[in-house]
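A.B. asks: What follows is target09.txt, made up of compact mmCIF, C-alpha atoms:
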# COMPACT_ATOMS: atom_id res chain seq x y z
CA MET M 1 3.30 15.17 7.69
CA THR M 2 3.61 11.59 8.88
CA THR M 3 6.00 9.12 7.23
CA ILE M 4 5.90 5.35 7.63
CA GLU M 5 8.83 3.41 6.17
CA LEU M 6 8.95 -0.38 6.11
CA HIS M 7 11.56 -2.79 4.72
CA THR M 8 10.69 -6.40 3.95
CA THR M 9 13.22 -9.01 2.79
CA ILE M 10 11.70 -11.66 0.56
CA ASP M 11 13.33 -14.81 -0.81
CA ALA M 12 11.71 -14.45 -4.25
CA SER M 13 12.33 -12.81 -7.60
CA LEU M 14 12.15 -9.05 -8.01
CA ILE M 15 9.47 -9.31 -10.71
CA GLU M 16 7.25 -11.63 -8.67
CA VAL M 17 7.34 -9.36 -5.62
CA PHE M 18 6.78 -6.26 -7.78
CA ASP M 19 3.76 -7.80 -9.49
CA LEU M 20 2.21 -9.06 -6.24
CA SER M 21 2.55 -5.53 -4.86
CA ARG M 22 0.53 -4.03 -7.70
CA SER M 23 -2.06 -6.81 -7.94
CA ILE M 24 -5.59 -5.58 -7.27
CA ASP M 25 -6.78 -9.14 -6.59
CA PHE M 26 -3.96 -9.83 -4.11
CA HIS M 27 -4.61 -6.53 -2.31
CA MET M 28 -8.25 -7.50 -1.80
CA LYS M 29 -7.15 -10.82 -0.26
CA SER M 30 -4.62 -9.13 2.01
CA ALA M 31 -7.17 -6.50 3.10
CA SER M 32 -9.99 -8.94 3.83
CA LYS M 33 -10.12 -7.78 7.49
CA THR M 34 -11.22 -4.34 6.30
CA LYS M 35 -13.49 -5.80 3.59
CA GLU M 36 -11.62 -3.72 1.03
CA ARG M 37 -12.86 -4.00 -2.54
CA ALA M 38 -11.88 -2.28 -5.78
CA ILE M 39 -15.06 -0.56 -6.95
CA ALA M 40 -13.92 1.73 -9.80
CA GLY M 41 -11.03 2.22 -12.20
CA ARG M 42 -8.82 -0.87 -12.39
CA ILE M 43 -10.81 -3.42 -10.38
CA THR M 44 -8.84 -6.59 -11.17
CA GLY M 45 -5.42 -7.62 -12.46
CA LEU M 46 -2.19 -5.62 -12.30
CA ILE M 47 -2.40 -1.84 -12.01
CA GLY M 48 0.00 0.14 -14.18
CA PHE M 49 1.17 3.64 -14.98
CA GLY M 50 -1.56 6.24 -15.24
CA GLU M 51 -4.28 3.91 -13.99
CA THR M 52 -6.57 4.62 -11.05
CA VAL M 53 -8.33 2.42 -8.54
CA THR M 54 -11.04 3.29 -6.03
CA TRP M 55 -11.05 1.18 -2.89
CA ARG M 56 -13.95 0.84 -0.48
CA GLY M 57 -13.16 -0.62 2.92
CA LYS M 58 -14.16 -0.51 6.55
CA HIS M 59 -11.71 1.34 8.78
CA PHE M 60 -12.51 2.34 12.36
CA GLY M 61 -16.04 0.97 11.92
CA ILE M 62 -16.87 3.19 8.93
CA PHE M 63 -16.88 2.34 5.22
CA LEU M 64 -14.52 4.75 3.45
CA GLU M 65 -13.46 5.21 -0.16
CA HIS M 66 -9.96 6.01 -1.37
CA THR M 67 -9.05 6.70 -5.01
CA SER M 68 -5.42 6.56 -6.04
CA LYS M 69 -3.47 6.91 -9.27
CA ILE M 70 -0.13 5.42 -10.31
CA ILE M 71 2.03 8.46 -11.17
CA ASP M 72 5.48 6.85 -11.31
CA TYR M 73 6.23 3.39 -12.66
CA GLU M 74 9.49 1.62 -13.46
CA ARG M 75 9.00 -2.16 -13.60
CA PRO M 76 10.34 -3.97 -11.57
CA HIS M 77 12.07 -1.32 -9.44
CA LYS M 78 9.45 1.16 -8.27
CA PHE M 79 5.99 2.62 -8.50
CA THR M 80 4.18 5.41 -6.71
CA ASP M 81 0.50 5.90 -6.04
CA ILE M 82 -1.02 9.14 -4.86
CA MET M 83 -4.44 9.90 -3.48
CA ILE M 84 -6.68 11.77 -5.86
CA LYS M 85 -9.81 11.49 -3.71
CA ASP M 86 -10.05 10.60 -0.02
CA HIS M 87 -10.26 11.99 3.49
CA PHE M 88 -6.56 12.86 3.79
CA LYS M 89 -5.07 16.24 2.92
CA TYR M 90 -2.17 14.36 1.27
CA PHE M 91 -1.39 10.67 0.72
CA CYS M 92 1.54 9.26 -1.27
CA HIS M 93 2.72 5.63 -1.18
CA GLN M 94 6.07 4.85 -2.80
CA HIS M 95 7.04 1.22 -3.44
CA PHE M 96 10.72 0.36 -4.07
CA PHE M 97 12.21 -3.03 -4.97
CA LYS M 98 15.85 -4.07 -5.22
CA HIS M 99 17.65 -7.35 -5.66
CA GLU M 100 20.30 -7.93 -3.01
CA GLN M 101 22.13 -11.16 -2.13
CA GLU M 102 19.65 -13.39 -3.99
CA LYS M 103 16.67 -11.78 -2.23
CA THR M 104 14.28 -8.93 -2.94
CA ILE M 105 14.20 -5.97 -0.58
CA MET M 106 10.77 -4.33 -0.70
CA THR M 107 10.53 -0.83 0.78
CA ASP M 108 7.31 1.06 1.42
CA VAL M 109 7.41 4.80 2.07
CA LEU M 110 3.98 6.12 2.97
CA LYS M 111 3.60 9.87 3.55
CA TYR M 112 0.32 11.45 4.52
CA ARG M 113 -1.22 14.48 6.13
CA THR M 114 -4.46 14.39 8.08
CA PRO M 115 -7.13 17.08 7.86
CA TYR M 116 -8.82 18.81 10.82
CA GLY M 117 -5.74 20.47 12.33
CA PHE M 118 -5.13 19.63 15.98
CA PHE M 119 -7.85 16.94 16.07
CA GLY M 120 -6.50 15.26 12.94
CA ASN M 121 -3.00 15.24 14.44
CA LEU M 122 -4.33 13.83 17.69
CA PHE M 123 -6.18 11.06 15.81
CA ASP M 124 -3.02 10.30 13.81
CA HIS M 125 -0.85 9.97 16.92
CA ALA M 126 -3.46 8.06 18.91
CA LEU M 127 -4.68 5.57 16.28
CA LEU M 128 -4.12 6.20 12.59
CA ARG M 129 -0.34 5.79 12.30
CA ARG M 130 -0.43 2.46 14.15
CA HIS M 131 -3.43 1.30 12.08
CA LEU M 132 -1.74 2.10 8.75
CA THR M 133 1.57 0.57 9.88
CA ARG M 134 -0.13 -2.68 10.87
CA PHE M 135 -2.16 -2.69 7.65
CA LEU M 136 1.05 -2.44 5.57
CA GLN M 137 2.95 -4.94 7.73
CA HIS M 138 0.16 -7.49 7.31
CA ARG M 139 0.06 -6.92 3.54
CA ASN M 140 3.84 -7.23 3.28
CA GLU M 141 3.89 -10.43 5.33
CA LEU M 142 1.31 -11.97 2.98
CA ILE M 143 3.35 -10.87 -0.05
CA LYS M 144 6.40 -12.52 1.53
CA ILE M 145 4.57 -15.77 2.35
CA THR M 146 2.94 -15.97 -1.09
CA ALA M 147 6.10 -15.15 -3.07
CA GLU M 148 8.27 -17.54 -1.08
CA LYS M 149 5.76 -20.41 -1.46
CA HIS M 150 5.24 -19.93 -5.19
CA PRO M 151 8.54 -18.95 -6.84
CA VAL M 152 8.42 -18.16 -10.54
Show me this structure written as C-alpha cells.

C.D. replies:
Amino acid sequence: MTTIELHTTIDASLIEVFDLSRSIDFHMKSASKTKERAIAGRITGLIGFGETVTWRGKHFGIFLEHTSKIIDYERPHKFTDIMIKDHFKYFCHQHFFKHEQEKTIMTDVLKYRTPYGFFGNLFDHALLRRHLTRFLQHRNELIKITAEKHPV
C-alpha cells in the first residue's frame, strides 16, 4: 500500500478551508489540467456525509472515472472519502483540519493500492505516486491562495 501525506498551512479560517476542500465546484477548477468533471452523484456544491460523486478526468492520456463516497464527516475537523468504483484495489483519502496559531493546518492522507501485482507496483513507483502527489499539491496550493485572498 502506498501512502501520501501532505501538510499545508493556510492563513484562513478552519471552516473556510474545510468547505473549499469539499467543494465539488472548486475541485473542478483545481483539476482543470485533467479536465475533471463531476458526472454523477453530487455534481455541484458541498459534498457531505454519505454522499457520492463520480469524477471523469484525463490521466496519463486516458479518460478515467472514479466514484467515491464520504464515509466519515466531522465539520470542520475531518472527512474521509473512499473509492467505491475505480481502477485501484483500494483508495482512501482522509482530510484533517486543525486551528493552530491563528492558521489552519490542512493534512491529506491518501492511501491506495494498485492492481496488477508487479506491473501495478512498477507503475506506482515510476509514475503514479508522483502524479497523485503533484495533483494534491496543486489542489492544496489553490485552496491556500483562494482562502487567503477571500477570508470569511

A.B. asks: Using only C-alpha atoms, tabulate the residues of region 13-58 of chain M lying at most 10 Å from any atom of region 122-135 of chain M, each with its closest atom pair and that distance in Å to one decimal, by chain and increasing residue number, as CSV.

C.D. replies:
residue,atom,partner,partner_atom,distance
M:Ser30,CA,M:Phe135,CA,8.9
M:Ala31,CA,M:Phe135,CA,7.8
M:Lys33,CA,M:Phe135,CA,9.4
M:Thr34,CA,M:Phe135,CA,9.3

A.B. asks: May I ask for the distance between CA of Lys144 (chain M) and CA of Glu36 (chain M), given in Å to one decimal place?

C.D. replies: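 So the two atoms, CA of Lys144 (chain M) and CA of Glu36 (chain M), lie 20.1 Å apart.
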
A.B. asks: What does the structure give for the distance between CA of Lys89 (chain M) and CA of Ile105 (chain M), in Å to one decimal?

C.D. replies: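 Taking CA of Lys89 (chain M) and CA of Ile105 (chain M), their separation equals 29.6 Å.
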
A.B. asks: May I ask for the distance between CA of His27 (chain M) and CA of Pro115 (chain M), given in Å to one decimal place?

C.D. replies: 25.8 Å

A.B. asks: Within 10 Å of (7.0, -11.1, -11.1), in the coordinates the file gives, what residues turn up when you count all atoms listed in the file, written out as a list in words?

C.D. replies: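 Nearby residues: Ala12, Ser13, Leu14, Ile15, Glu16, Val17, Phe18, Asp19, Leu20, Ser21, Arg75, Pro76, Ala147, Pro151 and Val152 of chain M.
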
A.B. asks: For Gly45 (chain M), which residue out of M:Gly61, M:His66, M:Asp108, M:Arg22 is the nearest one, using all atoms listed in the file?

C.D. replies: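 Among the listed residues, M:Arg22 lies closest to Gly45 (chain M).
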
A.B. asks: Here is a test: counting all atoms listed in the file, which residue of M:Thr52, M:Ser23, M:Thr80, M:Thr104 is nearest to Thr67 (chain M)?

C.D. replies: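 Ranking M:Thr52, M:Ser23, M:Thr80, M:Thr104 by distance to Thr67 (chain M), first place goes to M:Thr52.
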
A.B. asks: Need the shell around Met1 (chain M): protein/DNA/RNA residues with any atom at most 9 Å away, counting all atoms listed in the file. Skip same-chain ones fewer than 2 positions apart. Format as JSON, numbers by chain?

C.D. replies: {"M": [3, 90, 111, 112, 113, 114]}

A.B. asks: Between M:Lys78, M:Phe60, M:Gly48, M:Ile10, which one has atoms that come closest to Gln101 (chain M), using all atoms listed in the file?

C.D. replies: M:Ile10

A.B. asks: Which residues come within 10 Å of Trp55 (chain M), counting all atoms listed in the file, excluding same-chain residues fewer than 6 positions away, as a list of chain:residue names?

C.D. replies: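 Listing them by chain and then by number gives M:Ile24, M:Met28, M:Lys35, M:Glu36, M:Arg37, M:Ala38, M:Ile39, M:Ala40, M:Gly41, M:Arg42, M:Ile43, M:Leu64, M:Glu65, M:His66, M:Thr67, M:Ser68, M:Asp86.
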
A.B. asks: Which of these, M:Lys58, M:Lys69, M:Lys29, M:His93, has the shortest distance to Val109 (chain M) once you count all atoms listed in the file?

C.D. replies: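 Closest residue, counting all atoms listed in the file: M:His93.
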
A.B. asks: I'd like to know which of M:Thr8, M:Asn121, M:Val53, M:Phe63 is closest to Lys98 (chain M), using only C-alpha atoms.

C.D. replies: M:Thr8

A.B. asks: Just checking: using all atoms listed in the file, which residue out of M:Leu6, M:Tyr73, M:Asp11, M:His87 ends up closest to Tyr116 (chain M)?

C.D. replies: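 Residue with the minimum atom-to-atom distance to Tyr116 (chain M): M:His87.
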
A.B. asks: Enclose region 138-141 of chain M, meaning all of its atoms listed in the file, in a box aligned along x, y and z, pad it by 5 Å on each side, and list the centre and edge lengths in Å to one decimal, as JSON.

C.D. replies:
{"center_x": 2.0, "center_y": -8.7, "center_z": 5.3, "size_x": 13.8, "size_y": 13.5, "size_z": 14.0}

A.B. asks: Is it possible to add N, CA and C atoms to region 55-87 of chain M and hand it back as a PDB file, in the coordinates of the input?

C.D. replies:
ATOM      1  N   TRP M  55     -10.858   2.221  -3.896  1.00  0.00           N
ATOM      2  CA  TRP M  55     -11.050   1.180  -2.890  1.00  0.00           C
ATOM      3  C   TRP M  55     -12.179   1.595  -1.963  1.00  0.00           C
ATOM      4  N   ARG M  56     -12.941   0.619  -1.516  1.00  0.00           N
ATOM      5  CA  ARG M  56     -13.950   0.840  -0.480  1.00  0.00           C
ATOM      6  C   ARG M  56     -13.692  -0.189   0.600  1.00  0.00           C
ATOM      7  N   GLY M  57     -13.448   0.282   1.816  1.00  0.00           N
ATOM      8  CA  GLY M  57     -13.160  -0.620   2.920  1.00  0.00           C
ATOM      9  C   GLY M  57     -13.609  -0.040   4.240  1.00  0.00           C
ATOM     10  N   LYS M  58     -13.678  -0.902   5.225  1.00  0.00           N
ATOM     11  CA  LYS M  58     -14.160  -0.510   6.550  1.00  0.00           C
ATOM     12  C   LYS M  58     -12.965  -0.287   7.476  1.00  0.00           C
ATOM     13  N   HIS M  59     -12.782   0.960   7.864  1.00  0.00           N
ATOM     14  CA  HIS M  59     -11.710   1.340   8.780  1.00  0.00           C
ATOM     15  C   HIS M  59     -12.327   2.104   9.935  1.00  0.00           C
ATOM     16  N   PHE M  60     -11.983   1.711  11.152  1.00  0.00           N
ATOM     17  CA  PHE M  60     -12.510   2.340  12.360  1.00  0.00           C
ATOM     18  C   PHE M  60     -14.043   2.287  12.400  1.00  0.00           C
ATOM     19  N   GLY M  61     -14.602   1.186  11.872  1.00  0.00           N
ATOM     20  CA  GLY M  61     -16.040   0.970  11.920  1.00  0.00           C
ATOM     21  C   GLY M  61     -16.850   1.709  10.867  1.00  0.00           C
ATOM     22  N   ILE M  62     -16.182   2.387   9.948  1.00  0.00           N
ATOM     23  CA  ILE M  62     -16.870   3.190   8.930  1.00  0.00           C
ATOM     24  C   ILE M  62     -16.374   2.766   7.548  1.00  0.00           C
ATOM     25  N   PHE M  63     -17.291   2.610   6.595  1.00  0.00           N
ATOM     26  CA  PHE M  63     -16.880   2.340   5.220  1.00  0.00           C
ATOM     27  C   PHE M  63     -16.379   3.638   4.599  1.00  0.00           C
ATOM     28  N   LEU M  64     -15.151   3.594   4.070  1.00  0.00           N
ATOM     29  CA  LEU M  64     -14.520   4.750   3.450  1.00  0.00           C
ATOM     30  C   LEU M  64     -14.084   4.392   2.038  1.00  0.00           C
ATOM     31  N   GLU M  65     -13.976   5.401   1.197  1.00  0.00           N
ATOM     32  CA  GLU M  65     -13.460   5.210  -0.160  1.00  0.00           C
ATOM     33  C   GLU M  65     -12.173   5.995  -0.332  1.00  0.00           C
ATOM     34  N   HIS M  66     -11.274   5.412  -1.112  1.00  0.00           N
ATOM     35  CA  HIS M  66      -9.960   6.010  -1.370  1.00  0.00           C
ATOM     36  C   HIS M  66      -9.634   5.774  -2.846  1.00  0.00           C
ATOM     37  N   THR M  67      -9.425   6.834  -3.600  1.00  0.00           N
ATOM     38  CA  THR M  67      -9.050   6.700  -5.010  1.00  0.00           C
ATOM     39  C   THR M  67      -7.598   7.116  -5.171  1.00  0.00           C
ATOM     40  N   SER M  68      -6.825   6.260  -5.809  1.00  0.00           N
ATOM     41  CA  SER M  68      -5.420   6.560  -6.040  1.00  0.00           C
ATOM     42  C   SER M  68      -5.066   6.356  -7.504  1.00  0.00           C
ATOM     43  N   LYS M  69      -3.950   6.973  -7.894  1.00  0.00           N
ATOM     44  CA  LYS M  69      -3.470   6.910  -9.270  1.00  0.00           C
ATOM     45  C   LYS M  69      -1.980   6.597  -9.258  1.00  0.00           C
ATOM     46  N   ILE M  70      -1.562   5.737 -10.177  1.00  0.00           N
ATOM     47  CA  ILE M  70      -0.130   5.420 -10.310  1.00  0.00           C
ATOM     48  C   ILE M  70       0.509   6.546 -11.135  1.00  0.00           C
ATOM     49  N   ILE M  71       1.420   7.300 -10.498  1.00  0.00           N
ATOM     50  CA  ILE M  71       2.030   8.460 -11.170  1.00  0.00           C
ATOM     51  C   ILE M  71       3.493   8.227 -11.550  1.00  0.00           C
ATOM     52  N   ASP M  72       4.085   7.170 -11.017  1.00  0.00           N
ATOM     53  CA  ASP M  72       5.480   6.850 -11.310  1.00  0.00           C
ATOM     54  C   ASP M  72       5.559   5.330 -11.392  1.00  0.00           C
ATOM     55  N   TYR M  73       6.246   4.833 -12.434  1.00  0.00           N
ATOM     56  CA  TYR M  73       6.230   3.390 -12.660  1.00  0.00           C
ATOM     57  C   TYR M  73       7.486   2.991 -13.431  1.00  0.00           C
ATOM     58  N   GLU M  74       8.277   2.135 -12.821  1.00  0.00           N
ATOM     59  CA  GLU M  74       9.490   1.620 -13.460  1.00  0.00           C
ATOM     60  C   GLU M  74       9.625   0.147 -13.084  1.00  0.00           C
ATOM     61  N   ARG M  75       9.005  -0.729 -13.888  1.00  0.00           N
ATOM     62  CA  ARG M  75       9.000  -2.160 -13.600  1.00  0.00           C
ATOM     63  C   ARG M  75      10.392  -2.744 -13.776  1.00  0.00           C
ATOM     64  N   PRO M  76      10.901  -3.500 -12.838  1.00  0.00           N
ATOM     65  CA  PRO M  76      10.340  -3.970 -11.570  1.00  0.00           C
ATOM     66  C   PRO M  76      10.935  -3.260 -10.354  1.00  0.00           C
ATOM     67  N   HIS M  77      11.323  -1.993 -10.514  1.00  0.00           N
ATOM     68  CA  HIS M  77      12.070  -1.320  -9.440  1.00  0.00           C
ATOM     69  C   HIS M  77      11.264  -0.378  -8.556  1.00  0.00           C
ATOM     70  N   LYS M  78      10.197   0.228  -9.105  1.00  0.00           N
ATOM     71  CA  LYS M  78       9.450   1.160  -8.270  1.00  0.00           C
ATOM     72  C   LYS M  78       8.120   1.535  -8.904  1.00  0.00           C
ATOM     73  N   PHE M  79       7.190   1.930  -8.048  1.00  0.00           N
ATOM     74  CA  PHE M  79       5.990   2.620  -8.500  1.00  0.00           C
ATOM     75  C   PHE M  79       5.463   3.450  -7.343  1.00  0.00           C
ATOM     76  N   THR M  80       4.720   4.489  -7.700  1.00  0.00           N
ATOM     77  CA  THR M  80       4.180   5.410  -6.710  1.00  0.00           C
ATOM     78  C   THR M  80       2.716   5.636  -6.979  1.00  0.00           C
ATOM     79  N   ASP M  81       1.912   5.531  -5.909  1.00  0.00           N
ATOM     80  CA  ASP M  81       0.500   5.900  -6.040  1.00  0.00           C
ATOM     81  C   ASP M  81       0.212   7.080  -5.130  1.00  0.00           C
ATOM     82  N   ILE M  82      -0.609   7.987  -5.650  1.00  0.00           N
ATOM     83  CA  ILE M  82      -1.020   9.140  -4.860  1.00  0.00           C
ATOM     84  C   ILE M  82      -2.536   9.165  -4.752  1.00  0.00           C
ATOM     85  N   MET M  83      -3.018   9.741  -3.683  1.00  0.00           N
ATOM     86  CA  MET M  83      -4.440   9.900  -3.480  1.00  0.00           C
ATOM     87  C   MET M  83      -4.947  11.005  -4.401  1.00  0.00           C
ATOM     88  N   ILE M  84      -6.039  10.702  -5.107  1.00  0.00           N
ATOM     89  CA  ILE M  84      -6.680  11.770  -5.860  1.00  0.00           C
ATOM     90  C   ILE M  84      -8.059  12.090  -5.291  1.00  0.00           C
ATOM     91  N   LYS M  85      -8.566  11.206  -4.413  1.00  0.00           N
ATOM     92  CA  LYS M  85      -9.810  11.490  -3.710  1.00  0.00           C
ATOM     93  C   LYS M  85      -9.850  10.640  -2.441  1.00  0.00           C
ATOM     94  N   ASP M  86     -10.013  11.310  -1.297  1.00  0.00           N
ATOM     95  CA  ASP M  86     -10.050  10.600  -0.020  1.00  0.00           C
ATOM     96  C   ASP M  86     -10.288  11.604   1.095  1.00  0.00           C
ATOM     97  N   HIS M  87     -10.056  11.153   2.319  1.00  0.00           N
ATOM     98  CA  HIS M  87     -10.260  11.990   3.490  1.00  0.00           C
ATOM     99  C   HIS M  87      -8.969  12.592   4.012  1.00  0.00           C
TER     100      HIS M  87
END
